[in-house]
$ cat work-v9.cif   # mmCIF, C-alpha atoms
data_target
#
loop_
_atom_site.label_atom_id
_atom_site.label_comp_id
_atom_site.auth_asym_id
_atom_site.auth_seq_id
_atom_site.Cartn_x
_atom_site.Cartn_y
_atom_site.Cartn_z
CA MET A 1 130.72 102.11 100.90
CA GLU A 2 134.14 101.25 102.30
CA ASP A 3 134.59 98.44 104.83
CA GLY A 4 135.97 100.87 107.42
CA LEU A 5 132.67 102.72 107.58
CA LEU A 6 130.74 99.44 107.72
CA ASN A 7 132.73 98.48 110.79
CA LYS A 8 132.08 101.86 112.39
CA ILE A 9 128.34 101.45 111.85
CA LYS A 10 128.42 98.02 113.49
CA ARG A 11 130.44 99.30 116.43
CA GLU A 12 128.12 102.24 117.03
CA MET A 13 125.08 99.97 116.73
CA ASN A 14 126.40 97.78 119.54
CA LEU A 15 126.98 100.85 121.71
CA VAL A 16 123.51 102.34 121.16
CA TYR A 17 121.55 99.08 121.28
CA PRO A 18 120.96 99.05 125.08
CA GLU A 19 119.56 102.59 124.86
CA ALA A 20 117.36 101.60 121.92
CA VAL A 21 115.83 98.81 124.02
CA LYS A 22 115.07 101.32 126.80
CA PHE A 23 113.47 103.64 124.26
CA ARG A 24 111.33 100.80 122.93
CA HIS A 25 110.11 99.69 126.37
CA LEU A 26 109.16 103.21 127.45
CA LEU A 27 107.35 103.97 124.20
CA HIS A 28 105.51 100.64 124.41
CA ARG A 29 104.32 101.38 127.95
CA TYR A 30 102.70 104.65 126.95
CA PRO A 31 100.92 104.15 123.59
CA GLU A 32 98.85 107.03 122.27
CA GLU A 33 96.05 107.26 119.73
CA SER A 34 96.39 108.77 116.29
CA SER A 35 96.99 112.54 116.19
CA LYS A 36 97.28 112.66 120.00
CA GLU A 37 100.86 111.41 120.37
CA TYR A 38 101.87 114.33 122.62
CA ARG A 39 103.73 112.40 125.32
CA THR A 40 105.43 110.35 122.61
CA ALA A 41 106.57 113.49 120.80
CA ASP A 42 107.81 114.99 124.07
CA PHE A 43 109.98 111.91 124.67
CA ILE A 44 111.39 112.00 121.14
CA GLU A 45 112.14 115.69 121.57
CA LYS A 46 113.98 115.00 124.85
CA VAL A 47 116.25 112.40 123.23
CA LEU A 48 117.00 114.67 120.29
CA GLN A 49 117.87 117.51 122.67
CA GLU A 50 120.22 115.28 124.65
CA TRP A 51 122.11 114.42 121.49
CA GLU A 52 121.99 117.99 120.14
CA ILE A 53 120.15 116.93 117.01
CA PRO A 54 118.24 119.89 115.50
CA TYR A 55 114.49 119.35 115.11
CA ARG A 56 111.11 121.03 114.79
CA ARG A 57 107.56 119.97 115.67
CA VAL A 58 104.67 120.27 113.23
CA ALA A 59 101.13 118.98 112.68
CA ASN A 60 99.60 120.33 115.90
CA GLY A 61 102.70 119.45 117.88
CA THR A 62 102.67 115.68 117.34
CA ALA A 63 105.08 115.29 114.39
CA VAL A 64 108.82 115.73 114.82
CA ILE A 65 111.25 116.43 111.98
CA ALA A 66 114.94 116.19 112.87
CA GLN A 67 117.95 116.87 110.68
CA ILE A 68 121.56 115.65 110.76
CA GLN A 69 124.15 117.28 108.51
CA GLY A 70 127.30 115.45 107.49
CA THR A 71 130.49 117.49 107.81
CA GLN A 72 131.91 116.44 104.45
CA ALA A 73 131.13 118.53 101.37
CA GLY A 74 127.88 117.52 99.68
CA SER A 75 124.27 118.57 99.21
CA SER A 76 122.27 115.34 98.82
CA CYS A 77 119.37 114.73 101.20
CA ILE A 78 117.56 111.57 102.23
CA ALA A 79 114.76 111.10 104.80
CA LEU A 80 114.05 108.22 107.17
CA ARG A 81 110.54 107.73 108.51
CA ALA A 82 109.02 106.10 111.61
CA ASP A 83 105.32 106.20 112.55
CA MET A 84 104.20 106.97 116.09
CA ASP A 85 100.57 106.09 116.79
CA ALA A 86 99.12 103.07 118.59
CA LEU A 87 95.94 101.05 118.13
CA PRO A 88 92.75 101.03 120.27
CA LEU A 89 93.38 97.53 121.64
CA GLU A 90 93.73 96.17 125.17
CA GLU A 91 97.10 94.43 125.36
CA ASN A 92 96.95 90.76 126.27
CA VAL A 93 100.68 90.06 126.55
CA ASP A 94 102.43 89.68 129.90
CA VAL A 95 105.68 91.60 129.42
CA PRO A 96 107.41 93.92 131.94
CA TYR A 97 106.82 96.89 129.65
CA ARG A 98 103.13 96.15 129.04
CA SER A 99 100.92 99.08 128.02
CA GLU A 100 99.89 101.32 130.92
CA HIS A 101 97.35 103.18 128.79
CA SER A 102 94.18 101.16 129.11
CA GLY A 103 92.54 100.38 125.79
CA PHE A 104 95.62 101.20 123.69
CA MET A 105 98.56 99.13 122.54
CA HIS A 106 101.49 99.28 120.12
CA ALA A 107 100.18 96.25 118.25
CA CYS A 108 101.68 97.34 114.92
CA GLY A 109 105.27 97.76 116.05
CA HIS A 110 105.42 101.53 115.93
CA ASP A 111 107.26 101.51 119.26
CA LEU A 112 110.09 99.62 117.55
CA HIS A 113 109.94 101.93 114.54
CA MET A 114 110.46 104.99 116.75
CA ALA A 115 113.11 103.41 118.99
CA ASN A 116 114.96 102.28 115.89
CA LEU A 117 114.90 105.72 114.28
CA LEU A 118 116.04 107.41 117.49
CA ALA A 119 118.96 104.99 117.69
CA VAL A 120 119.76 105.53 114.01
CA GLY A 121 119.76 109.27 114.65
CA ILE A 122 122.26 108.85 117.49
CA VAL A 123 124.55 106.71 115.34
CA LEU A 124 124.38 109.20 112.48
CA LYS A 125 125.12 112.07 114.85
CA LYS A 126 128.29 110.28 115.96
CA LEU A 127 129.23 109.53 112.35
CA GLN A 128 128.79 113.08 111.03
CA PRO A 129 132.47 113.34 109.98
CA CYS A 130 132.00 110.23 107.81
CA PHE A 131 129.38 111.45 105.34
CA ALA A 132 128.30 114.30 103.12
CA GLY A 133 124.78 115.67 102.78
CA THR A 134 121.71 115.76 105.01
CA ILE A 135 119.63 113.04 106.64
CA LYS A 136 116.17 113.97 107.89
CA LEU A 137 114.33 111.93 110.51
CA PHE A 138 110.52 111.94 110.18
CA PHE A 139 108.63 110.90 113.32
CA GLN A 140 105.16 110.74 111.82
CA PRO A 141 101.83 110.69 113.68
CA ALA A 142 98.47 109.31 112.56
CA GLU A 143 99.58 106.53 110.22
CA GLU A 144 96.81 104.21 111.41
CA ILE A 145 94.16 106.66 110.24
CA GLY A 146 95.99 107.54 107.02
CA GLU A 147 96.54 111.23 107.75
CA GLY A 148 100.05 111.75 109.09
CA ALA A 149 102.18 111.51 105.96
CA GLN A 150 100.09 114.06 104.09
CA LYS A 151 100.38 116.50 107.01
CA LEU A 152 104.17 116.20 106.98
CA VAL A 153 104.35 116.84 103.24
CA ALA A 154 102.00 119.82 103.63
CA ALA A 155 104.26 121.16 106.40
CA GLY A 156 107.22 121.19 104.02
CA ALA A 157 109.03 118.12 105.34
CA LEU A 158 110.35 117.30 101.87
CA GLU A 159 111.77 120.78 101.35
CA SER A 160 114.66 122.92 102.71
CA PRO A 161 116.74 121.03 101.82
CA LYS A 162 114.85 119.11 99.17
CA VAL A 163 114.57 115.42 99.98
CA GLU A 164 115.75 113.17 97.14
CA ALA A 165 114.73 109.81 98.61
CA VAL A 166 112.83 108.35 101.59
CA LEU A 167 113.33 105.07 103.48
CA ALA A 168 110.94 103.37 105.89
CA ALA A 169 110.93 100.00 107.66
CA HIS A 170 107.97 98.07 109.05
CA VAL A 171 108.19 95.19 111.50
CA SER A 172 106.98 91.79 110.30
CA GLU A 173 105.96 88.93 112.55
CA ALA A 174 106.26 86.65 109.51
CA LEU A 175 110.04 87.12 109.33
CA PRO A 176 112.60 85.86 111.86
CA VAL A 177 114.76 88.23 113.86
CA GLY A 178 117.71 89.29 111.72
CA ASP A 179 115.93 89.02 108.35
CA ILE A 180 114.79 91.75 105.96
CA SER A 181 112.52 91.54 102.94
CA VAL A 182 112.00 94.11 100.20
CA LYS A 183 109.90 94.14 97.01
CA PRO A 184 110.45 96.33 93.94
CA ALA A 185 107.53 98.35 92.52
CA GLU A 186 104.23 97.96 94.45
CA SER A 187 105.20 96.83 97.96
CA THR A 188 101.91 97.27 99.85
CA LEU A 189 98.22 97.13 98.93
CA ALA A 190 95.91 100.02 98.17
CA CYS A 191 93.05 100.25 100.65
CA SER A 192 89.53 101.66 100.69
CA ASN A 193 86.93 101.58 103.44
CA PHE A 194 83.28 101.06 102.55
CA ARG A 195 80.02 101.56 104.41
CA ILE A 196 76.81 100.00 103.10
CA SER A 197 73.58 101.28 104.64
CA LEU A 198 70.52 99.07 104.19
CA SER A 199 66.91 100.09 104.85
CA SER A 200 63.49 98.42 104.68
CA PRO A 201 60.00 98.80 106.25
CA GLY A 202 60.90 96.30 109.00
CA GLY A 203 58.39 93.90 110.48
CA HIS A 204 57.55 90.96 112.72
CA ALA A 205 59.97 88.03 112.81
CA SER A 206 57.05 85.61 112.38
CA ALA A 207 56.08 87.12 109.00
CA PRO A 208 59.16 87.83 106.84
CA ASP A 209 56.90 87.50 103.78
CA LYS A 210 55.13 90.70 104.82
CA THR A 211 58.25 92.87 104.62
CA ALA A 212 61.72 93.01 103.12
CA ASP A 213 64.05 90.92 105.28
CA ILE A 214 67.01 93.22 105.72
CA VAL A 215 69.09 90.66 107.65
CA LEU A 216 68.78 88.04 104.92
CA ALA A 217 69.61 90.69 102.33
CA ALA A 218 72.73 91.63 104.30
CA ALA A 219 73.83 88.00 104.45
CA LYS A 220 73.39 87.60 100.68
CA ILE A 221 75.27 90.82 100.01
CA ILE A 222 78.20 89.67 102.14
CA LEU A 223 78.40 86.41 100.21
CA GLU A 224 78.20 88.22 96.87
CA LEU A 225 80.97 90.62 97.90
CA GLN A 226 83.24 87.63 98.50
CA SER A 227 82.60 86.44 94.93
CA ILE A 228 83.82 89.67 93.34
CA PRO A 229 87.59 88.93 93.56
CA GLY A 230 87.12 85.40 92.20
CA ARG A 231 84.53 86.03 89.49
CA LYS A 232 84.71 89.69 88.44
CA ILE A 233 88.48 90.22 88.64
CA SER A 234 91.31 88.31 86.98
CA HIS A 235 92.84 85.64 89.20
CA LEU A 236 96.21 87.28 88.42
CA GLU A 237 95.12 90.47 90.23
CA PRO A 238 95.53 90.55 94.04
CA ALA A 239 92.26 91.74 95.61
CA VAL A 240 90.59 91.23 98.99
CA ILE A 241 87.15 92.40 100.16
CA THR A 242 86.52 91.95 103.87
CA VAL A 243 83.35 92.81 105.81
CA THR A 244 84.47 93.67 109.32
CA SER A 245 81.38 95.13 110.99
CA ILE A 246 77.63 94.39 111.01
CA HIS A 247 75.22 96.55 113.00
CA GLY A 248 71.45 96.09 113.00
CA GLY A 249 68.53 94.95 115.09
CA THR A 250 67.74 95.21 118.79
CA CYS A 251 65.72 92.11 119.68
CA SER A 252 64.98 88.56 118.56
CA ASN A 253 61.43 89.00 117.27
CA VAL A 254 61.72 92.14 115.12
CA ILE A 255 63.09 92.41 111.59
CA PRO A 256 64.97 95.73 111.76
CA LYS A 257 64.41 98.71 109.51
CA GLU A 258 68.11 99.59 109.24
CA LEU A 259 71.39 97.69 109.05
CA VAL A 260 74.96 98.82 108.32
CA LEU A 261 77.87 96.81 106.90
CA MET A 262 81.44 98.12 106.97
CA GLY A 263 84.69 96.75 105.65
CA THR A 264 87.77 97.22 103.50
CA ILE A 265 88.89 96.67 99.92
CA ARG A 266 92.55 95.83 99.30
CA THR A 267 94.17 95.75 95.85
CA LEU A 268 97.68 95.90 94.41
CA ARG A 269 96.66 98.04 91.45
CA ASN A 270 95.35 101.43 92.53
CA SER A 271 92.85 101.80 89.67
CA LEU A 272 91.22 98.46 90.57
CA GLN A 273 89.64 100.13 93.60
CA LYS A 274 87.12 102.00 91.43
CA ASP A 275 86.37 98.86 89.42
CA ILE A 276 85.44 97.11 92.67
CA TYR A 277 83.22 100.04 93.70
CA HIS A 278 81.31 99.46 90.44
CA HIS A 279 80.95 95.73 91.12
CA ILE A 280 79.65 96.41 94.63
CA GLU A 281 77.05 98.79 93.24
CA THR A 282 75.92 96.07 90.81
CA VAL A 283 75.46 93.65 93.72
CA LEU A 284 73.47 96.21 95.71
CA ARG A 285 71.16 97.10 92.81
CA ALA A 286 70.51 93.42 92.10
CA GLU A 287 69.64 92.72 95.74
CA GLU A 288 67.35 95.74 95.78
CA GLN A 289 65.48 94.33 92.79
CA LEU A 290 65.18 90.89 94.38
CA THR A 291 64.17 91.86 97.91
CA GLY A 292 63.12 95.50 97.94
CA VAL A 293 65.80 96.35 100.51
CA LYS A 294 67.26 99.77 99.70
CA ALA A 295 71.06 100.04 99.74
CA GLU A 296 73.44 102.98 99.68
CA ALA A 297 77.23 102.65 99.70
CA ALA A 298 79.95 105.15 100.55
CA TYR A 299 83.63 104.62 99.79
CA CYS A 300 86.74 106.25 101.22
CA LEU A 301 90.19 105.66 99.72
CA ARG A 302 92.53 105.27 102.70
CA ALA A 303 95.80 104.58 100.89
CA ASN A 304 97.24 103.88 97.48
CA ALA A 305 99.86 101.17 97.10
CA VAL A 306 103.38 102.13 98.18
CA TYR A 307 105.67 102.12 95.15
CA ASN A 308 109.31 101.18 95.70
CA ASP A 309 111.69 102.84 93.26
CA GLU A 310 113.26 99.94 91.37
CA ASN A 311 116.80 101.38 91.15
CA MET A 312 116.80 102.29 94.82
CA THR A 313 115.42 98.89 95.74
CA LYS A 314 118.19 97.10 93.84
CA ARG A 315 120.79 99.22 95.61
CA PHE A 316 119.18 98.69 99.00
CA PHE A 317 119.02 94.94 98.41
CA ALA A 318 122.66 94.68 97.34
CA TYR A 319 123.94 96.84 100.17
CA THR A 320 121.97 95.21 102.99
CA GLN A 321 123.05 91.78 101.77
CA LYS A 322 126.64 92.96 102.11
CA LEU A 323 125.94 94.38 105.56
CA LEU A 324 123.79 91.59 107.03
CA GLY A 325 124.64 88.56 104.91
CA GLU A 326 123.07 87.27 101.71
CA GLU A 327 120.90 84.71 103.52
CA LYS A 328 119.37 87.43 105.72
CA VAL A 329 117.99 89.71 102.99
CA LYS A 330 115.21 88.47 100.72
CA LEU A 331 113.82 89.95 97.52
CA SER A 332 110.09 89.36 97.88
CA ARG A 333 107.68 88.55 95.06
CA GLU A 334 104.65 89.25 97.25
CA PRO A 335 103.54 92.65 98.57
CA PHE A 336 102.96 93.39 102.23
CA ASN A 337 99.23 92.69 102.59
CA ALA A 338 98.59 95.72 104.78
CA SER A 339 98.29 99.32 103.60
CA GLU A 340 100.41 102.34 104.50
CA ASP A 341 100.18 106.10 104.15
CA PHE A 342 103.89 106.01 103.29
CA TYR A 343 102.56 105.98 99.73
CA VAL A 344 102.27 109.77 100.07
CA PHE A 345 106.07 110.00 100.24
CA SER A 346 106.63 107.42 97.49
CA ASN A 347 104.36 109.49 95.23
CA GLU A 348 106.60 112.52 95.73
CA VAL A 349 110.17 111.15 95.69
CA PRO A 350 111.93 107.80 95.08
CA ALA A 351 111.34 105.55 98.09
CA VAL A 352 112.05 102.17 99.62
CA PHE A 353 109.68 100.52 102.09
CA TYR A 354 110.97 97.24 103.52
CA LEU A 355 109.97 94.62 106.08
CA TRP A 356 112.05 93.84 109.15
CA GLY A 357 111.77 90.53 111.03
CA VAL A 358 110.90 90.59 114.74
CA SER A 359 109.85 87.01 115.62
CA ARG A 360 111.66 84.08 117.18
CA GLN A 361 109.17 81.63 115.72
CA PRO A 362 107.31 83.28 112.82
CA ALA A 363 105.02 80.30 112.24
CA GLU A 364 103.59 80.68 115.76
CA ALA A 365 103.63 84.49 116.02
CA ALA A 366 100.45 86.49 116.63
CA PRO A 367 99.74 88.83 113.70
CA LEU A 368 100.04 92.59 113.62
CA HIS A 369 96.98 94.38 115.04
CA SER A 370 96.38 91.53 117.49
CA PRO A 371 96.27 92.08 121.28
CA LEU A 372 98.69 89.12 121.43
CA PHE A 373 101.31 90.66 119.11
CA THR A 374 104.87 90.61 120.43
CA ALA A 375 108.27 91.52 119.00
CA GLU A 376 111.81 90.75 120.07
CA ASP A 377 114.04 93.59 121.30
CA GLU A 378 116.99 92.00 119.53
CA ALA A 379 115.40 92.91 116.20
CA LEU A 380 116.57 96.46 116.87
CA LYS A 381 120.14 95.40 116.08
CA THR A 382 119.17 94.55 112.51
CA GLY A 383 116.93 97.59 112.28
CA ILE A 384 119.67 100.02 113.29
CA LEU A 385 122.28 98.45 111.01
CA ALA A 386 120.04 98.31 107.95
CA MET A 387 118.60 101.81 108.16
CA THR A 388 121.86 103.54 109.11
CA GLY A 389 123.86 101.73 106.49
CA ALA A 390 121.31 102.18 103.72
CA ALA A 391 120.98 105.91 104.43
CA LEU A 392 124.74 106.44 104.28
CA ASP A 393 125.04 104.27 101.19
CA PHE A 394 122.44 106.34 99.36
CA LEU A 395 124.32 109.51 100.30
CA SER A 396 127.66 108.17 99.10
CA GLU A 397 129.08 109.60 95.90
CA GLU A 398 128.36 106.32 94.10
CA THR A 399 124.61 106.65 94.65
CA ALA A 400 122.38 106.88 91.60
CA ILE A 401 118.88 107.78 92.72
CA SER A 402 116.50 107.76 89.76
#
$ encode --input "work-v9.cif" --output "structure tokens"
Amino acid sequence: MEDGLLNKIKREMNLVYPEAVKFRHLLHRYPEESSKEYRTADFIEKVLQEWEIPYRRVANGTAVIAQIQGTQAGSSCIALRADMDALPLEENVDVPYRSEHSGFMHACGHDLHMANLLAVGIVLKKLQPCFAGTIKLFFQPAEEIGEGAQKLVAAGALESPKVEAVLAAHVSEALPVGDISVKPAESTLACSNFRISLSSPGGHASAPDKTADIVLAAAKIILELQSIPGRKISHLEPAVITVTSIHGGTCSNVIPKELVLMGTIRTLRNSLQKDIYHHIETVLRAEEQLTGVKAEAAYCLRANAVYNDENMTKRFFAYTQKLLGEEKVKLSREPFNASEDFYVFSNEVPAVFYLWGVSRQPAEAAPLHSPLFTAEDEALKTGILAMTGAALDFLSEETAIS
């Protein structure tokens, strides 16, 4: 991409940045739960209308797909994605734009994702004479529950015109403002949820020998689950099993009849998920033999790992280093530990999913999904530059998308 266009992107970013901050603050104040992002979609629609950017709404009216056509001759098409939904958390951060929707908060940075993509859309609209081809903007609902990406694909988002590549950014509290990190190949972890239901006759707390102690069995199962990654799986394979919920019992002197454990399984290799299911079943059968506590497990695959196309990733890395500075763009060896339904897009077309720094002091920053999570508005400058520039670079005649 020629230096003249780089300078235009930077100039337009500076012009749109104040509006992007306003977008972010408004979206943060009114977070909405997964698949119910109606007010959010209405706001996105209003901005697109003001800038005369064509769009349509799908997936029960919560998803928005916009489209910007370059005026130069060309037929390539790339999509840019931002997720929309918030988390069921009560915000515990004192900022002027604090959530006004009790019990919900943009604790995963989706407010920045949307504000960034709106700003990118405005910049691209103003730069239409400078590029050939089509850029689609995907405002996707229901990422937190793993349903939104599949709904967009089912609604034909990747067709008419056919999308050849997809880009998405995710905020990272572990990176300083101004930095970007990207990893070739698997860039996030695959994720399953599990639910283990335990049952026994129950009994009096004074006589555990007269029954099967379901609470003790649950404790032993939890410990055994933690041993699976270290003893049943190669130490070279990333894997995490986390029990996040325990429900059972109603009073201090009764051994309960039922108890439920819930949690998640995270792996880099998709096929390792089923191997872990097998190991969990082995643990449960062994505990049943030892204690008599019956155990049934149910598993639900929430997301496969996001796969970054290696050729696209190399191009993205080289271009963003040129745009932002070599010291600002890192090639990561480690995947993003979270999971993402963006894998649905990366399964269909070449994709790049990258991390975008939003913290002043990463070492002291509250993590994503915390009621204390914060992000700096200034990160939007980097976000707008990187996504706009990368999209136009991929559409340039030099692009080689595998």
$ closest_residue --input "work-v9.cif" --among "A:Glu296, A:Glu91, A:Glu378, A:Glu287" --to "His106 (chain A)" --atoms "all atoms listed in the file"
A:Glu91
$ residues_near_point --input "work-v9.cif" --point "(121.7, 112.3, 114.4)" --cutoff "9 Å" --atoms "all atoms listed in the file" --output "JSON, numbers by chain"
{"A": [48, 51, 52, 53, 54, 66, 67, 68, 69, 118, 119, 120, 121, 122, 123, 124, 125, 126, 127, 128, 135, 136, 137]}
$ write_last_selection --input "work-v9.cif" --atoms "C-alpha atoms" --output "PDB file, in the frame of the given file"
ATOM      1  CA  LEU A  48     117.000 114.670 120.290  1.00  0.00           C
ATOM      2  CA  TRP A  51     122.110 114.420 121.490  1.00  0.00           C
ATOM      3  CA  GLU A  52     121.990 117.990 120.140  1.00  0.00           C
ATOM      4  CA  ILE A  53     120.150 116.930 117.010  1.00  0.00           C
ATOM      5  CA  PRO A  54     118.240 119.890 115.500  1.00  0.00           C
ATOM      6  CA  ALA A  66     114.940 116.190 112.870  1.00  0.00           C
ATOM      7  CA  GLN A  67     117.950 116.870 110.680  1.00  0.00           C
ATOM      8  CA  ILE A  68     121.560 115.650 110.760  1.00  0.00           C
ATOM      9  CA  GLN A  69     124.150 117.280 108.510  1.00  0.00           C
ATOM     10  CA  LEU A 118     116.040 107.410 117.490  1.00  0.00           C
ATOM     11  CA  ALA A 119     118.960 104.990 117.690  1.00  0.00           C
ATOM     12  CA  VAL A 120     119.760 105.530 114.010  1.00  0.00           C
ATOM     13  CA  GLY A 121     119.760 109.270 114.650  1.00  0.00           C
ATOM     14  CA  ILE A 122     122.260 108.850 117.490  1.00  0.00           C
ATOM     15  CA  VAL A 123     124.550 106.710 115.340  1.00  0.00           C
ATOM     16  CA  LEU A 124     124.380 109.200 112.480  1.00  0.00           C
ATOM     17  CA  LYS A 125     125.120 112.070 114.850  1.00  0.00           C
ATOM     18  CA  LYS A 126     128.290 110.280 115.960  1.00  0.00           C
ATOM     19  CA  LEU A 127     129.230 109.530 112.350  1.00  0.00           C
ATOM     20  CA  GLN A 128     128.790 113.080 111.030  1.00  0.00           C
ATOM     21  CA  ILE A 135     119.630 113.040 106.640  1.00  0.00           C
ATOM     22  CA  LYS A 136     116.170 113.970 107.890  1.00  0.00           C
ATOM     23  CA  LEU A 137     114.330 111.930 110.510  1.00  0.00           C
TER      24      LEU A 137
END
$ resolve_selection --input "work-v9.cif" --expression "the PyMOL selection byres ((chain A and resi 356) around 8)" --output "ChimeraX atom specification"
/A:169-172,175,177-181,354-355,357-358,379,382-383
$ write_last_selection --input "work-v9.cif" --atoms "C-alpha atoms" --output "compact mmCIF listing (two decimals), in the frame of the given file"
# COMPACT_ATOMS: atom_id res chain seq x y z
CA ALA A 169 110.93 100.00 107.66
CA HIS A 170 107.97 98.07 109.05
CA VAL A 171 108.19 95.19 111.50
CA SER A 172 106.98 91.79 110.30
CA LEU A 175 110.04 87.12 109.33
CA VAL A 177 114.76 88.23 113.86
CA GLY A 178 117.71 89.29 111.72
CA ASP A 179 115.93 89.02 108.35
CA ILE A 180 114.79 91.75 105.96
CA SER A 181 112.52 91.54 102.94
CA TYR A 354 110.97 97.24 103.52
CA LEU A 355 109.97 94.62 106.08
CA GLY A 357 111.77 90.53 111.03
CA VAL A 358 110.90 90.59 114.74
CA ALA A 379 115.40 92.91 116.20
CA THR A 382 119.17 94.55 112.51
CA GLY A 383 116.93 97.59 112.28
$ closest_residue --input "work-v9.cif" --among "A:Glu100, A:Glu376, A:Asp3, A:Glu340" --to "Ala168 (chain A)" --atoms "all atoms listed in the file"
A:Glu340
$ atom_distance --input "work-v9.cif" --atom1 "CA of Ala149 (chain A)" --atom2 "CA of Asp341 (chain A)"
6.0 Å
$ residues_around --input "work-v9.cif" --residues "Asp94 (chain A)" --least-positions-apart "3" --cutoff "10 Å" --atoms "only C-alpha atoms" --output "PyMOL selection string"
chain A and resi 91+97-99+372+374
$ write_last_selection --input "work-v9.cif" --atoms "C-alpha atoms" --output "PDB file, in the frame of the given file"
ATOM      1  CA  GLU A  91      97.100  94.430 125.360  1.00  0.00           C
ATOM      2  CA  TYR A  97     106.820  96.890 129.650  1.00  0.00           C
ATOM      3  CA  ARG A  98     103.130  96.150 129.040  1.00  0.00           C
ATOM      4  CA  SER A  99     100.920  99.080 128.020  1.00  0.00           C
ATOM      5  CA  LEU A 372      98.690  89.120 121.430  1.00  0.00           C
ATOM      6  CA  THR A 374     104.870  90.610 120.430  1.00  0.00           C
TER       7      THR A 374
END
$ residues_around --input "work-v9.cif" --residues "Tyr343 (chain A)" --least-positions-apart "4" --cutoff "8 Å" --atoms "all atoms listed in the file" --output "number ranges by chain"
A: 303-307, 347
$ closest_residue --input "work-v9.cif" --among "A:Ile233, A:Met84, A:Cys251, A:Val283" --to "Ile221 (chain A)" --atoms "only C-alpha atoms"
A:Val283
$ atom_distance --input "work-v9.cif" --atom1 "CA of Val254 (chain A)" --atom2 "CA of Val293 (chain A)"
15.7 Å
$ resolve_selection --input "work-v9.cif" --expression "the PyMOL selection byres ((chain A and resi 295) around 12)" --output "ChimeraX atom specification"
/A:195-200,214,217-218,221,257-261,280-289,291-294,296-298
$ closest_residue --input "work-v9.cif" --among "A:Arg57, A:Pro238, A:Thr320, A:Ala205" --to "Phe336 (chain A)" --atoms "all atoms listed in the file"
A:Pro238
$ build_atoms --input "work-v9.cif" --residues "region 49-63 of chain A" --atoms "N, CA and C atoms" --output "PDB file, in the coordinates of the input"
ATOM      1  N   GLN A  49     117.181 116.424 121.957  1.00  0.00           N
ATOM      2  CA  GLN A  49     117.870 117.510 122.670  1.00  0.00           C
ATOM      3  C   GLN A  49     119.138 117.002 123.340  1.00  0.00           C
ATOM      4  N   GLU A  50     119.048 115.833 123.963  1.00  0.00           N
ATOM      5  CA  GLU A  50     120.220 115.280 124.650  1.00  0.00           C
ATOM      6  C   GLU A  50     121.380 115.044 123.698  1.00  0.00           C
ATOM      7  N   TRP A  51     121.072 114.693 122.471  1.00  0.00           N
ATOM      8  CA  TRP A  51     122.110 114.420 121.490  1.00  0.00           C
ATOM      9  C   TRP A  51     122.371 115.610 120.559  1.00  0.00           C
ATOM     10  N   GLU A  52     121.780 116.745 120.889  1.00  0.00           N
ATOM     11  CA  GLU A  52     121.990 117.990 120.140  1.00  0.00           C
ATOM     12  C   GLU A  52     121.702 117.804 118.648  1.00  0.00           C
ATOM     13  N   ILE A  53     120.608 117.117 118.386  1.00  0.00           N
ATOM     14  CA  ILE A  53     120.150 116.930 117.010  1.00  0.00           C
ATOM     15  C   ILE A  53     119.055 117.954 116.730  1.00  0.00           C
ATOM     16  N   PRO A  54     119.251 118.862 115.781  1.00  0.00           N
ATOM     17  CA  PRO A  54     118.240 119.890 115.500  1.00  0.00           C
ATOM     18  C   PRO A  54     116.914 119.260 115.053  1.00  0.00           C
ATOM     19  N   TYR A  55     115.807 119.886 115.449  1.00  0.00           N
ATOM     20  CA  TYR A  55     114.490 119.350 115.110  1.00  0.00           C
ATOM     21  C   TYR A  55     113.458 120.462 115.153  1.00  0.00           C
ATOM     22  N   ARG A  56     112.275 120.161 114.625  1.00  0.00           N
ATOM     23  CA  ARG A  56     111.110 121.030 114.790  1.00  0.00           C
ATOM     24  C   ARG A  56     109.871 120.165 114.897  1.00  0.00           C
ATOM     25  N   ARG A  57     108.834 120.686 115.547  1.00  0.00           N
ATOM     26  CA  ARG A  57     107.560 119.970 115.670  1.00  0.00           C
ATOM     27  C   ARG A  57     106.519 120.624 114.788  1.00  0.00           C
ATOM     28  N   VAL A  58     105.717 119.782 114.140  1.00  0.00           N
ATOM     29  CA  VAL A  58     104.670 120.270 113.230  1.00  0.00           C
ATOM     30  C   VAL A  58     103.415 119.461 113.461  1.00  0.00           C
ATOM     31  N   ALA A  59     102.397 119.718 112.653  1.00  0.00           N
ATOM     32  CA  ALA A  59     101.130 118.980 112.680  1.00  0.00           C
ATOM     33  C   ALA A  59     100.523 118.978 114.090  1.00  0.00           C
ATOM     34  N   ASN A  60     100.214 120.163 114.578  1.00  0.00           N
ATOM     35  CA  ASN A  60      99.600 120.330 115.900  1.00  0.00           C
ATOM     36  C   ASN A  60     100.479 119.796 117.035  1.00  0.00           C
ATOM     37  N   GLY A  61     101.788 119.803 116.804  1.00  0.00           N
ATOM     38  CA  GLY A  61     102.700 119.450 117.880  1.00  0.00           C
ATOM     39  C   GLY A  61     102.957 117.972 118.054  1.00  0.00           C
ATOM     40  N   THR A  62     102.449 117.112 117.166  1.00  0.00           N
ATOM     41  CA  THR A  62     102.670 115.680 117.340  1.00  0.00           C
ATOM     42  C   THR A  62     103.736 115.116 116.417  1.00  0.00           C
ATOM     43  N   ALA A  63     104.032 115.761 115.304  1.00  0.00           N
ATOM     44  CA  ALA A  63     105.080 115.290 114.390  1.00  0.00           C
ATOM     45  C   ALA A  63     106.398 115.952 114.726  1.00  0.00           C
TER      46      ALA A  63
END
